[in-house]
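Just below is one structure, and these are the notes that go with it.
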Amino acid sequence: MDTNNIGLFFALAGAAIAAFMAGAGSAIGVGRAGQAAAGAVSEDPSLFVRVLILQLLPGTQGIYGLLIAFLTLMNIGIMGGSGDISLTEGLLYLAACLPMGIVGFFSAIGQSGASVAAIQLVTKDPSQFGRSMIFPVMVETYAILALLISILSIFGIPGLGL
Amino acid sequence: MSVVPMKRVMICALKKDRKAILEYLQRQGVMEIRAFMEEDDTFRRQDTESARQLFMKNSELAAQALSVLDKHSQEEKGLLSSLEGRKSISAKEYYERLEDRDEVRGICREIVSLEKEYADDKAQIPKLELEKISLTPWLSYDLPIDFEGTKQVAAMAGTLPGALTKEEILAQLSENTEGLETLEVEVISSDKEQTCVLILCLRESEETVREALRKMNFAKPPLSNKNPAKEIEAIERKIDALTADAAAVDKKLSMLGSERSRIRFMQDYFGMRGEKYEALGELGQSDNVFVLNGYMPASEVSRIEKELTEKYDIVYETADPAPDEDVPVLLKNGPLAQPLESVVESYALPGRGERDPSSLVAVFYYILFGIMLGDAGYGLILMLFTGIALKKFKDMEPGTKGMMQMLFYCGISTTIMGFVFGSFFGDAVSVIASTFFGRDDIAFKALWFEPIDKPMKMMVFSFALGIIHIFTGLGAKLYADIKDGHVMDGIYDVVTWYLLVGGAIVYMLTSKTMTDMLGLTFTLPAIVGKIAVGCVIAGAAGIVLMSGRSSRSIGKRAAKGLYNLYGATSYLSDILSYSRLLALGLAATVISSVFNLLAGMLGKGHGVIGVILFIVIFLIGHILNFAINALGAYVHTNRLTYVEFFGKFYDGGGRRFEPFRLNTKYYKVRE
């Protein structure tokens, strides 16, 4: 094994963590919300579009994770480039990916609870759709904050010249 | 623009005109009927509940018949049929169509009873199938199953658990009957679950044999007095008959599909009549006259008066509602703000004395949406689809139409933001240019800057926009306070916050570390910082001293004031919340760039196949990205509006204006 490339490994591990943790969280979240949504549609098929929107809300973390993973891959040259990454840089990329991975995972699951409740609310009173949407979106704020930190870190790393 | 001013209207007219006037008002749909008057000796309210229920029942019957028809006959429907809205018919056609209402009601009843027959048929079949299955092992038995034997010989047919041979049964039996010999066992069928047997013995030993069989878990055969083969045949005939009947009923029902439009009309008609009777119950009626009370938008008052007095002998009185009255709320806005009324309404309609925030919402809503989706290509798609839908479906229902218009304006804003921040399907232009034309110099240039290159700049811009948004919300509160004559409240509740938050922001800009971090090119001089600190202190003092002014006790007031000062942290989180503009905008562009990259990798150097692969990946990727990000932009714009913006000034709590009108599902009547 060429130890010069160990930095690349850590950076790639970071990208992987961002993609798989946030993605796994979203998969769990959308799955749970989907069960509630199917139940709602079985009672009233006209609710389909509304509950579909609520079901999708915990899905965004997976997208953010993907985004961070891609940004990392592009920066470290895996998607065309040299792939010349020092150990320090690799570890920095790993650290930069952690907020998105970890917060993405937990916030997606937390958000799914709010989504399920929102779907139940819409089933009982479809006119409350506008408000019901806000509860899950409150949770997403934290995923967005994590995304922001991850993005800013990844953009910042090449400039450090390490 | 605003909440529509309402008038209280009273109409007093002769009873002979009652039907005509009510129908006129129902068609106009501008008045909410309310029973303001108490009943007295002259004016009584008529109990219309039973009549109303009767009409509603007919309407429901029609609805039920329609849902049955949907099960049995497919209706040709376009993919976009939900955009079409209610069909409009002329008043003449309306009265013509009423002629055959009894016939249509008969059809509805027939449909419902046919459905019952169909369901009964369908329910019986599995029961018969089960019977058939239980009889099948007995197929080779050529006696009636309930045959009990002759005078001398007892016959017992039944089943024993498990697979057994004749010898095994005989052995078990003789064990239990102490060697009774005059026994005949015939195995009719045997599988691993059970063995069907016929056992013959003399009448006199019947009891002993039965006892022995009981120990062996002998069970009775299926109930039947026929020979199994015949019985199965009979069951099969029955199943065939039921299946044929169900099919015939299904066919009849699918033929009745052509009655749909008539039944729909009936559903609307009876629903309308029902609502008319509901309104009728709100009237005060004497022997010869009736009185109608309610709310009407002030702009409609004189027109309705003119049209009514022309035709009927009426007394028409209007009054302004009392200030503490629960007046229903109707919003009216210009073309840009009107589509956002539904956004406001799903939060809450303006409460008593509150102003309609729709126009203020509109100023920011489209901009925020545009930044979050932020792609000229996606904006054009949004404009194209909603524009075509709006053009093609003129009869669209107001709710759907509002949504379409909103998305159309959002599309315009998204397109503009796409140009400003240099995104057209991500970096599609430069990817296509370099993949297929070998030109690396062509790109979709940003008019301002590209957030992906300068994320800090974008973040500062997002925060700045957020501060403007929040301050506008506070300003709306100040404006309302001044307009309503509570100038001091405005100063205590709004100006103090302006000083505190605004001062803190300005102070931050005097620090070199801060401006460097934010990538700003300027740092405010120290003297400005001193003034800013003064503002912060003044604001904080104002909040501590004055925000608890509703409490009498000094201690309580101070505690409240301090608690409210703690609310300053919420301003911090509110402003940070606008970082989602950067995050979502970047998510949209970066992911579309990723799809472009993938498409470009596959497309390069493979000739025609490469082009096809490029197009396929490009389409799939961008459709996905568009859907997810448009949804994200929509929900997050709503969130910023509801939480960050409305939180500053808007409570809501008004009741929606529900005029007495033709509340139909399928048809509307032209005047």
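Convention: chains lettered A, B, ... in structure tokens order; per-chain residue numbering from 1; ligands numbered from 1 as shown.
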Region 552-567 of chain B environment, 12 Å, only C-alpha atoms, sequence neighbours closer than 4 positions dropped, as a PDB file with N, CA and C atoms, in the first residue's frame:
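What follows is the written file out19.pdb:
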ATOM      1  N   TYR B 492     -42.237  51.523  21.572  1.00  0.00           N
ATOM      2  CA  TYR B 492     -41.769  50.555  22.576  1.00  0.00           C
ATOM      3  C   TYR B 492     -41.516  49.168  21.970  1.00  0.00           C
ATOM      4  N   ASP B 493     -42.409  48.740  21.087  1.00  0.00           N
ATOM      5  CA  ASP B 493     -42.326  47.353  20.617  1.00  0.00           C
ATOM      6  C   ASP B 493     -41.491  47.197  19.358  1.00  0.00           C
ATOM      7  N   THR B 496     -37.490  50.045  19.562  1.00  0.00           N
ATOM      8  CA  THR B 496     -36.460  49.521  20.475  1.00  0.00           C
ATOM      9  C   THR B 496     -35.713  48.354  19.814  1.00  0.00           C
ATOM     10  N   TRP B 497     -36.451  47.508  19.110  1.00  0.00           N
ATOM     11  CA  TRP B 497     -35.812  46.350  18.457  1.00  0.00           C
ATOM     12  C   TRP B 497     -34.954  46.788  17.280  1.00  0.00           C
ATOM     13  N   LEU B 500     -31.805  47.965  18.864  1.00  0.00           N
ATOM     14  CA  LEU B 500     -30.998  46.878  19.419  1.00  0.00           C
ATOM     15  C   LEU B 500     -30.378  46.025  18.310  1.00  0.00           C
ATOM     16  N   VAL B 501     -31.223  45.501  17.428  1.00  0.00           N
ATOM     17  CA  VAL B 501     -30.710  44.578  16.404  1.00  0.00           C
ATOM     18  C   VAL B 501     -29.888  45.342  15.365  1.00  0.00           C
ATOM     19  N   VAL B 536     -27.669  50.270  20.740  1.00  0.00           N
ATOM     20  CA  VAL B 536     -27.953  48.966  21.350  1.00  0.00           C
ATOM     21  C   VAL B 536     -28.398  49.159  22.788  1.00  0.00           C
ATOM     22  N   ILE B 537     -27.653  50.011  23.506  1.00  0.00           N
ATOM     23  CA  ILE B 537     -27.977  50.209  24.921  1.00  0.00           C
ATOM     24  C   ILE B 537     -29.366  50.841  25.057  1.00  0.00           C
ATOM     25  N   GLY B 539     -31.819  50.670  22.944  1.00  0.00           N
ATOM     26  CA  GLY B 539     -32.833  49.683  22.578  1.00  0.00           C
ATOM     27  C   GLY B 539     -33.061  48.696  23.697  1.00  0.00           C
ATOM     28  N   ALA B 540     -31.959  48.176  24.256  1.00  0.00           N
ATOM     29  CA  ALA B 540     -32.082  47.175  25.314  1.00  0.00           C
ATOM     30  C   ALA B 540     -32.795  47.774  26.525  1.00  0.00           C
ATOM     31  N   ALA B 541     -32.415  49.011  26.864  1.00  0.00           N
ATOM     32  CA  ALA B 541     -33.059  49.667  28.012  1.00  0.00           C
ATOM     33  C   ALA B 541     -34.554  49.812  27.743  1.00  0.00           C
ATOM     34  N   GLY B 542     -34.872  50.247  26.539  1.00  0.00           N
ATOM     35  CA  GLY B 542     -36.286  50.411  26.186  1.00  0.00           C
ATOM     36  C   GLY B 542     -37.043  49.117  26.341  1.00  0.00           C
ATOM     37  N   ILE B 543     -36.422  48.024  25.882  1.00  0.00           N
ATOM     38  CA  ILE B 543     -37.118  46.738  25.962  1.00  0.00           C
ATOM     39  C   ILE B 543     -37.322  46.322  27.411  1.00  0.00           C
ATOM     40  N   VAL B 544     -36.243  46.459  28.217  1.00  0.00           N
ATOM     41  CA  VAL B 544     -36.353  46.031  29.619  1.00  0.00           C
ATOM     42  C   VAL B 544     -37.413  46.865  30.348  1.00  0.00           C
ATOM     43  N   LEU B 545     -37.387  48.186  30.094  1.00  0.00           N
ATOM     44  CA  LEU B 545     -38.292  49.055  30.844  1.00  0.00           C
ATOM     45  C   LEU B 545     -39.727  48.993  30.350  1.00  0.00           C
ATOM     46  N   MET B 546     -39.900  48.921  29.039  1.00  0.00           N
ATOM     47  CA  MET B 546     -41.236  49.153  28.504  1.00  0.00           C
ATOM     48  C   MET B 546     -41.990  47.910  28.018  1.00  0.00           C
ATOM     49  N   SER B 547     -41.285  46.815  27.662  1.00  0.00           N
ATOM     50  CA  SER B 547     -42.025  45.729  27.022  1.00  0.00           C
ATOM     51  C   SER B 547     -42.940  45.018  28.011  1.00  0.00           C
ATOM     52  N   GLY B 548     -42.681  45.190  29.311  1.00  0.00           N
ATOM     53  CA  GLY B 548     -43.579  44.553  30.281  1.00  0.00           C
ATOM     54  C   GLY B 548     -44.621  45.513  30.801  1.00  0.00           C
ATOM     55  N   TYR B 571     -33.701  36.753  17.338  1.00  0.00           N
ATOM     56  CA  TYR B 571     -33.347  37.502  16.124  1.00  0.00           C
ATOM     57  C   TYR B 571     -32.109  36.893  15.478  1.00  0.00           C
ATOM     58  N   LEU B 572     -31.173  36.478  16.323  1.00  0.00           N
ATOM     59  CA  LEU B 572     -29.967  35.839  15.796  1.00  0.00           C
ATOM     60  C   LEU B 572     -30.336  34.589  15.002  1.00  0.00           C
ATOM     61  N   SER B 573     -31.172  33.746  15.619  1.00  0.00           N
ATOM     62  CA  SER B 573     -31.502  32.505  14.919  1.00  0.00           C
ATOM     63  C   SER B 573     -32.369  32.791  13.691  1.00  0.00           C
ATOM     64  N   ASP B 574     -33.215  33.838  13.781  1.00  0.00           N
ATOM     65  CA  ASP B 574     -34.011  34.203  12.608  1.00  0.00           C
ATOM     66  C   ASP B 574     -33.114  34.566  11.440  1.00  0.00           C
ATOM     67  N   LYS B 648     -43.062  38.440  13.294  1.00  0.00           N
ATOM     68  CA  LYS B 648     -42.761  39.793  13.766  1.00  0.00           C
ATOM     69  C   LYS B 648     -44.002  40.663  13.924  1.00  0.00           C
TER      70      LYS B 648
END
Please report as a PyMOL selection string which residues of chain A come no farther than 10 Å from chain B, using only C-alpha atoms.
-> chain A and resi 53-54+56-57+59-60+63-64+66-68+70-71+74+79-80+127-138+140-149+151-152+155-156
Exercise: Leu331 (chain B) partners within 10 Å, only C-alpha atoms, chain neighbours under 6 positions left out, as a list in words | Met1, Ser2, Val3, Val4, Pro5, Gln338, Glu341, Ser342, Val344, Glu345, Leu349, Pro350, Arg355, Asp356, Pro357, Ser358, Arg656 and Phe657 of chain B
Writer output for current selection, all heavy atoms, as a short mmCIF file (atom, residue, chain, number, x, y, z; two decimals), in the first residue's frame:
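Result saved to part-v7.cif:
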data_model
loop_
_atom_site.label_atom_id
_atom_site.label_comp_id
_atom_site.auth_asym_id
_atom_site.auth_seq_id
_atom_site.Cartn_x
_atom_site.Cartn_y
_atom_site.Cartn_z
N MET B 1 -54.66 44.21 -2.09
CA MET B 1 -54.43 45.45 -1.39
C MET B 1 -54.80 45.32 0.07
O MET B 1 -54.09 45.74 0.96
CB MET B 1 -55.30 46.57 -2.01
CG MET B 1 -54.54 47.63 -2.76
SD MET B 1 -53.58 46.98 -4.12
CE MET B 1 -54.78 46.99 -5.43
N SER B 2 -55.91 44.69 0.26
CA SER B 2 -56.35 44.82 1.66
C SER B 2 -57.49 43.87 1.96
O SER B 2 -57.91 43.08 1.12
CB SER B 2 -56.85 46.25 1.89
OG SER B 2 -57.84 46.49 0.93
N VAL B 3 -57.95 43.98 3.18
CA VAL B 3 -59.15 43.27 3.57
C VAL B 3 -60.33 44.05 3.03
O VAL B 3 -60.40 45.26 3.19
CB VAL B 3 -59.23 43.18 5.11
CG1 VAL B 3 -60.52 42.50 5.52
CG2 VAL B 3 -58.03 42.47 5.67
N VAL B 4 -61.25 43.36 2.37
CA VAL B 4 -62.40 44.03 1.77
C VAL B 4 -63.33 44.52 2.88
O VAL B 4 -63.71 43.75 3.76
CB VAL B 4 -63.15 43.06 0.86
CG1 VAL B 4 -64.42 43.68 0.33
CG2 VAL B 4 -62.25 42.63 -0.27
N PRO B 5 -63.70 45.82 2.86
CA PRO B 5 -64.63 46.29 3.90
C PRO B 5 -66.00 45.64 3.72
O PRO B 5 -66.48 45.47 2.60
CB PRO B 5 -64.70 47.80 3.67
CG PRO B 5 -64.11 48.05 2.33
CD PRO B 5 -63.29 46.88 1.94
N GLN B 338 -52.34 38.62 -5.32
CA GLN B 338 -53.54 37.80 -5.18
C GLN B 338 -53.25 36.29 -5.09
O GLN B 338 -53.85 35.61 -4.27
CB GLN B 338 -54.48 38.11 -6.34
CG GLN B 338 -55.90 37.69 -6.09
CD GLN B 338 -56.41 36.83 -7.21
OE1 GLN B 338 -55.95 36.96 -8.34
NE2 GLN B 338 -57.33 35.96 -6.90
N GLU B 341 -52.68 35.05 -1.57
CA GLU B 341 -53.71 35.06 -0.53
C GLU B 341 -53.87 33.68 0.09
O GLU B 341 -54.09 33.56 1.29
CB GLU B 341 -55.05 35.50 -1.14
CG GLU B 341 -55.12 36.99 -1.37
CD GLU B 341 -56.35 37.39 -2.16
OE1 GLU B 341 -57.20 36.51 -2.42
OE2 GLU B 341 -56.45 38.56 -2.53
N SER B 342 -53.73 32.64 -0.74
CA SER B 342 -53.91 31.29 -0.19
C SER B 342 -52.77 30.94 0.77
O SER B 342 -52.96 30.21 1.73
CB SER B 342 -54.01 30.27 -1.31
OG SER B 342 -52.77 30.17 -1.96
N VAL B 344 -51.29 33.16 2.67
CA VAL B 344 -51.67 33.88 3.89
C VAL B 344 -52.79 33.11 4.59
O VAL B 344 -52.75 32.91 5.80
CB VAL B 344 -52.14 35.31 3.56
CG1 VAL B 344 -52.72 35.98 4.78
CG2 VAL B 344 -50.98 36.13 3.02
N GLU B 345 -53.75 32.67 3.79
CA GLU B 345 -54.91 32.01 4.41
C GLU B 345 -54.52 30.70 5.07
O GLU B 345 -55.08 30.34 6.10
CB GLU B 345 -56.00 31.77 3.37
CG GLU B 345 -57.32 31.51 4.03
CD GLU B 345 -58.43 31.21 3.04
OE1 GLU B 345 -58.39 31.77 1.93
OE2 GLU B 345 -59.31 30.42 3.38
N LEU B 349 -56.20 34.01 8.35
CA LEU B 349 -56.71 35.25 7.77
C LEU B 349 -56.54 36.37 8.79
O LEU B 349 -56.49 36.11 9.99
CB LEU B 349 -58.19 35.08 7.40
CG LEU B 349 -58.42 34.29 6.13
CD1 LEU B 349 -59.88 33.91 6.01
CD2 LEU B 349 -57.98 35.07 4.92
N PRO B 350 -56.44 37.61 8.31
CA PRO B 350 -56.23 38.72 9.25
C PRO B 350 -57.33 38.75 10.32
O PRO B 350 -58.51 38.58 10.02
CB PRO B 350 -56.33 39.96 8.36
CG PRO B 350 -56.09 39.49 6.99
CD PRO B 350 -56.51 38.07 6.92
N ARG B 355 -54.31 44.15 9.16
CA ARG B 355 -54.26 44.43 7.73
C ARG B 355 -53.86 43.17 6.97
O ARG B 355 -53.22 42.29 7.51
CB ARG B 355 -53.27 45.55 7.47
CG ARG B 355 -53.86 46.89 7.77
CD ARG B 355 -52.80 47.94 8.07
NE ARG B 355 -53.49 49.15 8.56
CZ ARG B 355 -53.92 49.27 9.82
NH1 ARG B 355 -53.72 48.31 10.69
NH2 ARG B 355 -54.56 50.35 10.20
N ASP B 356 -54.25 43.19 5.70
CA ASP B 356 -53.91 42.05 4.84
C ASP B 356 -52.43 42.07 4.48
O ASP B 356 -51.95 43.04 3.89
CB ASP B 356 -54.77 42.15 3.57
CG ASP B 356 -54.44 41.06 2.59
OD1 ASP B 356 -53.70 40.13 2.97
OD2 ASP B 356 -54.92 41.13 1.44
N PRO B 357 -51.66 41.07 4.89
CA PRO B 357 -50.22 41.11 4.61
C PRO B 357 -49.84 40.62 3.21
O PRO B 357 -48.66 40.58 2.88
CB PRO B 357 -49.65 40.17 5.67
CG PRO B 357 -50.72 39.17 5.89
CD PRO B 357 -52.04 39.88 5.64
N SER B 358 -50.83 40.26 2.37
CA SER B 358 -50.51 39.61 1.10
C SER B 358 -49.50 40.39 0.26
O SER B 358 -48.57 39.79 -0.29
CB SER B 358 -51.78 39.39 0.27
OG SER B 358 -52.71 38.67 1.01
N ARG B 656 -63.14 33.21 7.54
CA ARG B 656 -63.27 33.36 6.10
C ARG B 656 -64.70 33.75 5.72
O ARG B 656 -65.66 33.26 6.31
CB ARG B 656 -62.91 32.00 5.51
CG ARG B 656 -62.82 31.91 4.05
CD ARG B 656 -62.76 30.43 3.70
NE ARG B 656 -63.16 30.25 2.32
CZ ARG B 656 -62.31 30.19 1.33
NH1 ARG B 656 -61.03 30.25 1.57
NH2 ARG B 656 -62.74 30.06 0.10
N PHE B 657 -64.83 34.62 4.73
CA PHE B 657 -66.12 35.02 4.21
C PHE B 657 -66.71 33.87 3.41
O PHE B 657 -66.12 33.43 2.43
CB PHE B 657 -65.92 36.26 3.32
CG PHE B 657 -67.16 36.76 2.64
CD1 PHE B 657 -68.23 37.24 3.38
CD2 PHE B 657 -67.25 36.77 1.26
CE1 PHE B 657 -69.38 37.71 2.75
CE2 PHE B 657 -68.39 37.24 0.62
CZ PHE B 657 -69.45 37.70 1.37
#
If you count only C-alpha atoms, which residues fall within 9 Å of Thr48 (chain B), apart from same-chain ones fewer than 6 positions away, as a ChimeraX atom specification?
-> /B:277-281
Leaving out Thr472 (chain B) and any residue of its chain fewer than 3 positions from it, which residues lie within 10 Å of it when counting only C-alpha atoms, given as a PyMOL selection string?
-> chain B and resi 360+364+466-469+475-478+645+648-649
Write down as a count of residues only the residues of region 84-214 of chain B whose backbone DSSP state falls under strand (DSSP E).
-> 30
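Proximity to Tyr667 (chain B) was assessed for B:Lys220, B:Arg264, B:Lys116, B:Lys57 counting only C-alpha atoms; the smallest distance is recorded for B:Arg264.
CA of Met383 (chain B) is positioned 22.5 Å from CA of Phe595 (chain B).
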Mind listing the helix (DSSP H, G or I) residues of region 314-381 of chain B, per DSSP on the backbone, as a PyMOL selection string?
-> chain B and resi 338-347+358-373+376-381
Print the selection's residues with N, CA and C atoms to a file, as an mmCIF file, in the first residue's frame.
data_model
loop_
_atom_site.group_PDB
_atom_site.id
_atom_site.type_symbol
_atom_site.label_atom_id
_atom_site.label_comp_id
_atom_site.auth_asym_id
_atom_site.auth_seq_id
_atom_site.Cartn_x
_atom_site.Cartn_y
_atom_site.Cartn_z
ATOM 1 N N GLN B 338 -52.338 38.615 -5.322
ATOM 2 C CA GLN B 338 -53.541 37.799 -5.183
ATOM 3 C C GLN B 338 -53.254 36.288 -5.094
ATOM 4 N N PRO B 339 -52.318 35.760 -5.900
ATOM 5 C CA PRO B 339 -52.051 34.322 -5.763
ATOM 6 C C PRO B 339 -51.512 33.939 -4.391
ATOM 7 N N LEU B 340 -51.003 34.918 -3.644
ATOM 8 C CA LEU B 340 -50.422 34.584 -2.343
ATOM 9 C C LEU B 340 -51.445 34.646 -1.218
ATOM 10 N N GLU B 341 -52.680 35.045 -1.567
ATOM 11 C CA GLU B 341 -53.712 35.059 -0.533
ATOM 12 C C GLU B 341 -53.872 33.681 0.094
ATOM 13 N N SER B 342 -53.726 32.640 -0.737
ATOM 14 C CA SER B 342 -53.907 31.290 -0.186
ATOM 15 C C SER B 342 -52.772 30.942 0.766
ATOM 16 N N VAL B 343 -51.569 31.481 0.499
ATOM 17 C CA VAL B 343 -50.452 31.267 1.422
ATOM 18 C C VAL B 343 -50.771 31.940 2.755
ATOM 19 N N VAL B 344 -51.285 33.162 2.670
ATOM 20 C CA VAL B 344 -51.669 33.877 3.894
ATOM 21 C C VAL B 344 -52.785 33.113 4.592
ATOM 22 N N GLU B 345 -53.755 32.665 3.792
ATOM 23 C CA GLU B 345 -54.909 32.008 4.407
ATOM 24 C C GLU B 345 -54.518 30.703 5.072
ATOM 25 N N SER B 346 -53.552 29.980 4.520
ATOM 26 C CA SER B 346 -53.226 28.722 5.195
ATOM 27 C C SER B 346 -52.462 28.986 6.486
ATOM 28 N N TYR B 347 -51.945 30.197 6.678
ATOM 29 C CA TYR B 347 -51.426 30.555 8.003
ATOM 30 C C TYR B 347 -52.613 30.999 8.865
ATOM 31 N N SER B 358 -50.830 40.264 2.371
ATOM 32 C CA SER B 358 -50.513 39.607 1.099
ATOM 33 C C SER B 358 -49.502 40.387 0.256
ATOM 34 N N SER B 359 -49.684 41.711 0.144
ATOM 35 C CA SER B 359 -48.782 42.439 -0.752
ATOM 36 C C SER B 359 -47.362 42.452 -0.210
ATOM 37 N N LEU B 360 -47.249 42.587 1.126
ATOM 38 C CA LEU B 360 -45.914 42.547 1.714
ATOM 39 C C LEU B 360 -45.280 41.185 1.503
ATOM 40 N N VAL B 361 -46.094 40.136 1.677
ATOM 41 C CA VAL B 361 -45.599 38.778 1.453
ATOM 42 C C VAL B 361 -45.092 38.667 0.021
ATOM 43 N N ALA B 362 -45.891 39.233 -0.921
ATOM 44 C CA ALA B 362 -45.551 39.094 -2.330
ATOM 45 C C ALA B 362 -44.191 39.707 -2.641
ATOM 46 N N VAL B 363 -43.876 40.872 -2.004
ATOM 47 C CA VAL B 363 -42.608 41.539 -2.295
ATOM 48 C C VAL B 363 -41.442 40.574 -2.117
ATOM 49 N N PHE B 364 -41.485 39.758 -1.037
ATOM 50 C CA PHE B 364 -40.353 38.895 -0.747
ATOM 51 C C PHE B 364 -40.519 37.478 -1.264
ATOM 52 N N TYR B 365 -41.756 37.004 -1.296
ATOM 53 C CA TYR B 365 -42.002 35.587 -1.592
ATOM 54 C C TYR B 365 -41.325 35.154 -2.894
ATOM 55 N N TYR B 366 -41.602 35.917 -3.960
ATOM 56 C CA TYR B 366 -41.065 35.516 -5.263
ATOM 57 C C TYR B 366 -39.534 35.590 -5.276
ATOM 58 N N ILE B 367 -39.004 36.625 -4.608
ATOM 59 C CA ILE B 367 -37.540 36.761 -4.591
ATOM 60 C C ILE B 367 -36.907 35.576 -3.859
ATOM 61 N N LEU B 368 -37.465 35.251 -2.677
ATOM 62 C CA LEU B 368 -36.892 34.150 -1.890
ATOM 63 C C LEU B 368 -36.975 32.841 -2.662
ATOM 64 N N PHE B 369 -38.144 32.591 -3.262
ATOM 65 C CA PHE B 369 -38.306 31.362 -4.046
ATOM 66 C C PHE B 369 -37.279 31.330 -5.165
ATOM 67 N N GLY B 370 -37.157 32.459 -5.855
ATOM 68 C CA GLY B 370 -36.242 32.544 -6.988
ATOM 69 C C GLY B 370 -34.817 32.220 -6.578
ATOM 70 N N ILE B 371 -34.381 32.754 -5.440
ATOM 71 C CA ILE B 371 -33.000 32.510 -5.025
ATOM 72 C C ILE B 371 -32.803 31.044 -4.670
ATOM 73 N N MET B 372 -33.794 30.448 -4.009
ATOM 74 C CA MET B 372 -33.620 29.059 -3.573
ATOM 75 C C MET B 372 -33.603 28.095 -4.742
ATOM 76 N N LEU B 373 -34.428 28.332 -5.767
ATOM 77 C CA LEU B 373 -34.382 27.443 -6.932
ATOM 78 C C LEU B 373 -33.252 27.906 -7.851
ATOM 79 N N ALA B 376 -32.024 29.476 -14.266
ATOM 80 C CA ALA B 376 -32.817 30.042 -15.360
ATOM 81 C C ALA B 376 -33.583 28.955 -16.107
ATOM 82 N N GLY B 377 -32.942 27.795 -16.293
ATOM 83 C CA GLY B 377 -33.616 26.709 -17.009
ATOM 84 C C GLY B 377 -34.854 26.243 -16.263
ATOM 85 N N TYR B 378 -34.696 26.026 -14.948
ATOM 86 C CA TYR B 378 -35.834 25.561 -14.148
ATOM 87 C C TYR B 378 -36.932 26.614 -14.111
ATOM 88 N N GLY B 379 -36.513 27.878 -14.037
ATOM 89 C CA GLY B 379 -37.490 28.964 -14.028
ATOM 90 C C GLY B 379 -38.301 28.972 -15.306
ATOM 91 N N LEU B 380 -37.600 28.780 -16.450
ATOM 92 C CA LEU B 380 -38.313 28.779 -17.728
ATOM 93 C C LEU B 380 -39.284 27.599 -17.801
ATOM 94 N N ILE B 381 -38.859 26.430 -17.299
ATOM 95 C CA ILE B 381 -39.762 25.272 -17.293
ATOM 96 C C ILE B 381 -41.013 25.589 -16.491
#
Using only C-alpha atoms, which residue out of A:Gly31, A:Ser150, A:Pro126, A:Ile6 lies closest to Val49 (chain A)?
-> A:Pro126
Env of region 11-13 of chain B: 7 Å cut, atoms = only C-alpha atoms, seq-sep filter 2 positions within chain, self excluded. Answer as a compact mmCIF listing (two decimals) with C-alpha atoms, in the first residue's frame.
# COMPACT_ATOMS: atom_id res chain seq x y z
CA VAL B 9 -77.14 44.26 4.93
CA LYS B 15 -92.81 36.13 0.97
CA VAL B 289 -92.81 39.11 4.76
CA PHE B 290 -89.38 37.78 5.44
CA VAL B 291 -86.18 39.41 6.66
CA LEU B 292 -82.74 38.47 5.46
CA ASN B 293 -79.59 39.60 7.25
CA ASP B 313 -90.74 45.32 -3.63
CA ILE B 314 -88.10 45.30 -0.96
CA VAL B 315 -86.66 47.28 1.89
CA TYR B 316 -82.88 47.31 1.68
CA GLU B 317 -80.87 48.65 4.57
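Every protein, DNA or RNA residue with an atom at most 6 Å from Gly29 (chain A), where only C-alpha atoms count and chain neighbours fewer than 4 positions away do not, is listed here: Pro58, Ala108, Ile109 and Ser112 of chain A.
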Kindly export the residues of the current selection with all heavy atoms, as an mmCIF file, in the first residue's frame.
data_model
loop_
_atom_site.group_PDB
_atom_site.id
_atom_site.type_symbol
_atom_site.label_atom_id
_atom_site.label_comp_id
_atom_site.auth_asym_id
_atom_site.auth_seq_id
_atom_site.Cartn_x
_atom_site.Cartn_y
_atom_site.Cartn_z
ATOM 1 N N PRO A 58 -38.642 14.608 4.735
ATOM 2 C CA PRO A 58 -37.415 14.064 5.334
ATOM 3 C C PRO A 58 -36.435 13.538 4.286
ATOM 4 O O PRO A 58 -35.392 13.016 4.633
ATOM 5 C CB PRO A 58 -37.915 12.903 6.213
ATOM 6 C CG PRO A 58 -39.385 12.989 6.209
ATOM 7 C CD PRO A 58 -39.794 13.746 4.994
ATOM 8 N N ALA A 108 -33.130 13.660 9.789
ATOM 9 C CA ALA A 108 -34.103 13.029 8.885
ATOM 10 C C ALA A 108 -35.055 12.148 9.680
ATOM 11 O O ALA A 108 -36.266 12.123 9.445
ATOM 12 C CB ALA A 108 -33.388 12.211 7.823
ATOM 13 N N ILE A 109 -34.493 11.428 10.657
ATOM 14 C CA ILE A 109 -35.349 10.553 11.460
ATOM 15 C C ILE A 109 -36.279 11.388 12.344
ATOM 16 O O ILE A 109 -37.476 11.120 12.445
ATOM 17 C CB ILE A 109 -34.479 9.583 12.284
ATOM 18 C CG1 ILE A 109 -33.794 8.617 11.321
ATOM 19 C CG2 ILE A 109 -35.311 8.832 13.302
ATOM 20 C CD1 ILE A 109 -32.800 7.721 11.970
ATOM 21 N N SER A 112 -38.991 12.803 10.307
ATOM 22 C CA SER A 112 -40.032 11.866 9.872
ATOM 23 C C SER A 112 -41.149 11.794 10.913
ATOM 24 O O SER A 112 -42.317 11.662 10.564
ATOM 25 C CB SER A 112 -39.443 10.487 9.617
ATOM 26 O OG SER A 112 -39.190 9.828 10.834
#
